[in-house]
Amino acid sequence: MTPHQLRELREQLPAFSEATAATPLQQTFCRFYDMAFFERPGVQYRSGTVQSGRFSLALHRWLQTGATGNLLLVHGYFDHSGLFSRLIEYGLSRNYNVLIFDLPGHGLSSGEQAAIDDFADYGHAIAAVLGAAKLPDLPLWVMAQSTGCSALVEFARYYQWPFAAAVMLAPLVRPLGWRWVQVSHSLLRHFTRSIERQFAPNSTDPEFLSFLRLDPLQSKRLPVAWVSALRRWLASLTPDDLGVGPALIIQGDADQTVDWRYNVDFYRGLFPQSPVTMLPGAGHQLANESAALREDYLASVDCWLAEHGLA
């Protein structure tokens, strides 16, 4: 899709409560990002916007005949709904309805690109989406990637936990090299609003890495404001039990984006008794890892869901 088409789509998205069948432009978007699951028999697709504070959030929902549960997907930093087609397909293949939205500053949602003033806004966004999604009365579970896990932590701090099971993919607390990040941020925040983004090889899937560099919804800059918000969030956070039960934590041992050894232990404090599935050779972008690695960890997800009566 072209930047012009994406601007047009963003401007044309209706309020989710008024959304009907996909428009030609919405269909073009779904096909471009390999998420045209509305073409499957028995699958109904709706897309529209939901207000969360000052943000207008782009929401996508797939309902299917005979579904046994609902799945919420929460993407990571620099990501958007279009990059999660593989996990959307996983949810649909397991007979779940699937809900995903773009975090503030990402994808088709409003807000300064890739920026946030307060991580709490991510948690409020989840609450707004769940309140507007009109999901069937079925068990709900959630799978989040990286910053999406941070959003779930913020949601848990402010709202009642509605999820029968949770899966955390490469959860974020501290980025790799956090001390250097802090020093650099302390210096740069006085002189610039953003720095050039480096596209790291965070997956072993070369086709995904090539597509990512050409994706018209990718930010080419890292806003200093996002790092400022991350620092404030970490200063407010302690590894204490959130009171919502365990989550399945999945982590690649070749992750060069987050300080995963620190982060996994931290999340096991937030979600006590959480099992951890380690993936040898996997990078940070678990939602878009190679087919073999995805099959590996999704087998663990299947077992986790079976333990919680969701399979």
# chains A, B, ... in the order shown; residues from 1 in each chain; ligands from 1

$ select_by_dssp --residues "stretch 40-168 of chain A" --states "alpha helix (DSSP H)" --output "VMD selection string"
chain A and resid 85 to 93 120 to 132 147 to 158

$ closest_atom_pairs --of "stretch 125-187 of chain A" --to "stretch 18-29 of chain A" --cutoff "12 Å" --atoms "only C-alpha atoms" --output "CSV"
residue,atom,partner,partner_atom,distance
A:Ala132,CA,A:Glu18,CA,11.1
A:Ala133,CA,A:Ala19,CA,11.0
A:Lys134,CA,A:Ala19,CA,11.7

$ closest_atom_pairs --of "stretch 178-251 of chain A" --to "stretch 60-78 of chain A" --cutoff "12 Å" --atoms "only C-alpha atoms" --output "JSON lines"
{"residue": "A:Arg197", "atom": "CA", "partner": "A:Phe78", "partner_atom": "CA", "distance": 10.0}
{"residue": "A:Gln198", "atom": "CA", "partner": "A:Phe78", "partner_atom": "CA", "distance": 11.5}
{"residue": "A:Phe199", "atom": "CA", "partner": "A:Phe78", "partner_atom": "CA", "distance": 10.5}
{"residue": "A:Leu212", "atom": "CA", "partner": "A:Phe78", "partner_atom": "CA", "distance": 10.1}
{"residue": "A:Arg213", "atom": "CA", "partner": "A:Phe78", "partner_atom": "CA", "distance": 11.7}
{"residue": "A:Asp215", "atom": "CA", "partner": "A:Phe78", "partner_atom": "CA", "distance": 10.9}
{"residue": "A:Pro216", "atom": "CA", "partner": "A:Phe78", "partner_atom": "CA", "distance": 11.8}
{"residue": "A:Leu217", "atom": "CA", "partner": "A:Phe78", "partner_atom": "CA", "distance": 8.8}
{"residue": "A:Gln218", "atom": "CA", "partner": "A:Phe78", "partner_atom": "CA", "distance": 6.5}
{"residue": "A:Ser219", "atom": "CA", "partner": "A:Phe78", "partner_atom": "CA", "distance": 6.6}
{"residue": "A:Lys220", "atom": "CA", "partner": "A:Phe78", "partner_atom": "CA", "distance": 9.3}
{"residue": "A:Arg221", "atom": "CA", "partner": "A:Phe78", "partner_atom": "CA", "distance": 9.7}
{"residue": "A:Leu222", "atom": "CA", "partner": "A:Phe78", "partner_atom": "CA", "distance": 9.0}
{"residue": "A:Pro223", "atom": "CA", "partner": "A:Phe78", "partner_atom": "CA", "distance": 11.0}
{"residue": "A:Trp226", "atom": "CA", "partner": "A:Tyr77", "partner_atom": "CA", "distance": 9.9}
{"residue": "A:Val227", "atom": "CA", "partner": "A:Tyr77", "partner_atom": "CA", "distance": 11.5}
{"residue": "A:Leu230", "atom": "CA", "partner": "A:Tyr77", "partner_atom": "CA", "distance": 11.6}

$ closest_residue --among "A:Gln145, A:Ser300, A:Ser228, A:Gln51" --to "A:Ser184" --atoms "only C-alpha atoms"
A:Ser228

$ atom_distance --atom1 "atom CA of A:Leu298" --atom2 "atom CA of A:Ala311"
12.3 Å

$ closest_residue --among "A:Ser203, A:Ser110, A:Gln12, A:Gln182" --to "A:Arg232" --atoms "only C-alpha atoms"
A:Gln182

$ residues_around --residues "A:Glu154" --least-positions-apart "6" --cutoff "10 Å" --atoms "only C-alpha atoms" --output "list of chain:residue names"
A:Phe119, A:Ala120, A:Asp121, A:Tyr122, A:Gly123, A:His124, A:Ala125, A:Ile126, A:Gly148, A:Trp233, A:Leu237, A:Leu242

$ atom_distance --atom1 "atom CA of A:Glu307" --atom2 "atom CA of A:Leu135"
23.0 Å

$ select_by_dssp --residues "stretch 8-128 of chain A" --states "strand (DSSP E or B)" --output "ChimeraX atom specification"
/A:15,43-52,55-64,69-74,96-101

$ closest_residue --among "A:Arg294, A:Arg174, A:Arg54, A:His80" --to "A:Trp260" --atoms "only C-alpha atoms"
A:Arg174

$ atom_distance --atom1 "atom CA of A:His284" --atom2 "atom CA of A:Asp253"
8.8 Å

$ residues_around --residues "A:Ile249" --least-positions-apart "2" --cutoff "8 Å" --atoms "only C-alpha atoms" --output "number ranges by chain"
A: 167-171, 247, 251, 264, 274-277

$ decode --residues "stretch 126-153 of chain A" --atoms "N, CA and C atoms" --output "PDB file, in the first residue's frame"
ATOM      1  N   ILE A 126      -5.975  -0.847  26.145  1.00  0.00           N
ATOM      2  CA  ILE A 126      -6.527  -2.204  26.218  1.00  0.00           C
ATOM      3  C   ILE A 126      -7.933  -2.172  26.801  1.00  0.00           C
ATOM      4  N   ALA A 127      -8.120  -1.410  27.859  1.00  0.00           N
ATOM      5  CA  ALA A 127      -9.439  -1.326  28.490  1.00  0.00           C
ATOM      6  C   ALA A 127     -10.475  -0.750  27.527  1.00  0.00           C
ATOM      7  N   ALA A 128     -10.092   0.291  26.786  1.00  0.00           N
ATOM      8  CA  ALA A 128     -11.021   0.914  25.843  1.00  0.00           C
ATOM      9  C   ALA A 128     -11.417  -0.055  24.736  1.00  0.00           C
ATOM     10  N   VAL A 129     -10.461  -0.811  24.242  1.00  0.00           N
ATOM     11  CA  VAL A 129     -10.727  -1.769  23.161  1.00  0.00           C
ATOM     12  C   VAL A 129     -11.650  -2.888  23.650  1.00  0.00           C
ATOM     13  N   LEU A 130     -11.357  -3.448  24.820  1.00  0.00           N
ATOM     14  CA  LEU A 130     -12.207  -4.518  25.336  1.00  0.00           C
ATOM     15  C   LEU A 130     -13.625  -4.021  25.599  1.00  0.00           C
ATOM     16  N   GLY A 131     -13.738  -2.771  26.016  1.00  0.00           N
ATOM     17  CA  GLY A 131     -15.059  -2.214  26.286  1.00  0.00           C
ATOM     18  C   GLY A 131     -15.888  -1.991  25.035  1.00  0.00           C
ATOM     19  N   ALA A 132     -15.219  -1.830  23.888  1.00  0.00           N
ATOM     20  CA  ALA A 132     -15.923  -1.492  22.656  1.00  0.00           C
ATOM     21  C   ALA A 132     -16.038  -2.641  21.669  1.00  0.00           C
ATOM     22  N   ALA A 133     -15.339  -3.740  21.927  1.00  0.00           N
ATOM     23  CA  ALA A 133     -15.180  -4.777  20.904  1.00  0.00           C
ATOM     24  C   ALA A 133     -16.411  -5.635  20.658  1.00  0.00           C
ATOM     25  N   LYS A 134     -17.341  -5.683  21.607  1.00  0.00           N
ATOM     26  CA  LYS A 134     -18.564  -6.475  21.460  1.00  0.00           C
ATOM     27  C   LYS A 134     -18.250  -7.936  21.135  1.00  0.00           C
ATOM     28  N   LEU A 135     -17.371  -8.525  21.934  1.00  0.00           N
ATOM     29  CA  LEU A 135     -17.041  -9.932  21.749  1.00  0.00           C
ATOM     30  C   LEU A 135     -18.154 -10.823  22.294  1.00  0.00           C
ATOM     31  N   PRO A 136     -18.348 -11.992  21.710  1.00  0.00           N
ATOM     32  CA  PRO A 136     -19.321 -12.941  22.274  1.00  0.00           C
ATOM     33  C   PRO A 136     -18.940 -13.328  23.700  1.00  0.00           C
ATOM     34  N   ASP A 137     -19.915 -13.795  24.439  1.00  0.00           N
ATOM     35  CA  ASP A 137     -19.701 -14.168  25.831  1.00  0.00           C
ATOM     36  C   ASP A 137     -19.023 -15.541  25.891  1.00  0.00           C
ATOM     37  N   LEU A 138     -17.704 -15.521  25.655  1.00  0.00           N
ATOM     38  CA  LEU A 138     -16.886 -16.727  25.641  1.00  0.00           C
ATOM     39  C   LEU A 138     -15.617 -16.460  26.437  1.00  0.00           C
ATOM     40  N   PRO A 139     -14.912 -17.491  26.883  1.00  0.00           N
ATOM     41  CA  PRO A 139     -13.659 -17.263  27.614  1.00  0.00           C
ATOM     42  C   PRO A 139     -12.680 -16.434  26.779  1.00  0.00           C
ATOM     43  N   LEU A 140     -12.011 -15.508  27.454  1.00  0.00           N
ATOM     44  CA  LEU A 140     -11.089 -14.581  26.799  1.00  0.00           C
ATOM     45  C   LEU A 140      -9.672 -14.847  27.284  1.00  0.00           C
ATOM     46  N   TRP A 141      -8.709 -14.935  26.344  1.00  0.00           N
ATOM     47  CA  TRP A 141      -7.307 -15.031  26.713  1.00  0.00           C
ATOM     48  C   TRP A 141      -6.508 -14.026  25.887  1.00  0.00           C
ATOM     49  N   VAL A 142      -5.266 -13.810  26.273  1.00  0.00           N
ATOM     50  CA  VAL A 142      -4.476 -12.746  25.651  1.00  0.00           C
ATOM     51  C   VAL A 142      -3.066 -13.248  25.354  1.00  0.00           C
ATOM     52  N   MET A 143      -2.525 -12.799  24.225  1.00  0.00           N
ATOM     53  CA  MET A 143      -1.128 -13.056  23.877  1.00  0.00           C
ATOM     54  C   MET A 143      -0.516 -11.722  23.452  1.00  0.00           C
ATOM     55  N   ALA A 144       0.601 -11.364  24.091  1.00  0.00           N
ATOM     56  CA  ALA A 144       1.226 -10.063  23.854  1.00  0.00           C
ATOM     57  C   ALA A 144       2.697 -10.228  23.543  1.00  0.00           C
ATOM     58  N   GLN A 145       3.232  -9.277  22.789  1.00  0.00           N
ATOM     59  CA  GLN A 145       4.635  -9.287  22.398  1.00  0.00           C
ATOM     60  C   GLN A 145       5.333  -8.048  22.963  1.00  0.00           C
ATOM     61  N   SER A 146       6.428  -8.244  23.701  1.00  0.00           N
ATOM     62  CA  SER A 146       7.352  -7.181  24.103  1.00  0.00           C
ATOM     63  C   SER A 146       6.643  -6.014  24.805  1.00  0.00           C
ATOM     64  N   THR A 147       6.571  -4.847  24.169  1.00  0.00           N
ATOM     65  CA  THR A 147       5.901  -3.693  24.783  1.00  0.00           C
ATOM     66  C   THR A 147       4.426  -3.986  25.021  1.00  0.00           C
ATOM     67  N   GLY A 148       3.849  -4.881  24.219  1.00  0.00           N
ATOM     68  CA  GLY A 148       2.471  -5.295  24.489  1.00  0.00           C
ATOM     69  C   GLY A 148       2.333  -5.941  25.852  1.00  0.00           C
ATOM     70  N   CYS A 149       3.387  -6.628  26.315  1.00  0.00           N
ATOM     71  CA  CYS A 149       3.377  -7.191  27.668  1.00  0.00           C
ATOM     72  C   CYS A 149       3.401  -6.076  28.710  1.00  0.00           C
ATOM     73  N   SER A 150       4.152  -5.019  28.435  1.00  0.00           N
ATOM     74  CA  SER A 150       4.157  -3.856  29.325  1.00  0.00           C
ATOM     75  C   SER A 150       2.765  -3.247  29.413  1.00  0.00           C
ATOM     76  N   ALA A 151       2.083  -3.200  28.269  1.00  0.00           N
ATOM     77  CA  ALA A 151       0.715  -2.683  28.255  1.00  0.00           C
ATOM     78  C   ALA A 151      -0.190  -3.526  29.146  1.00  0.00           C
ATOM     79  N   LEU A 152       0.000  -4.850  29.124  1.00  0.00           N
ATOM     80  CA  LEU A 152      -0.800  -5.724  29.978  1.00  0.00           C
ATOM     81  C   LEU A 152      -0.491  -5.505  31.453  1.00  0.00           C
ATOM     82  N   VAL A 153       0.774  -5.258  31.761  1.00  0.00           N
ATOM     83  CA  VAL A 153       1.127  -4.942  33.151  1.00  0.00           C
ATOM     84  C   VAL A 153       0.394  -3.685  33.605  1.00  0.00           C
TER      85      VAL A 153
END
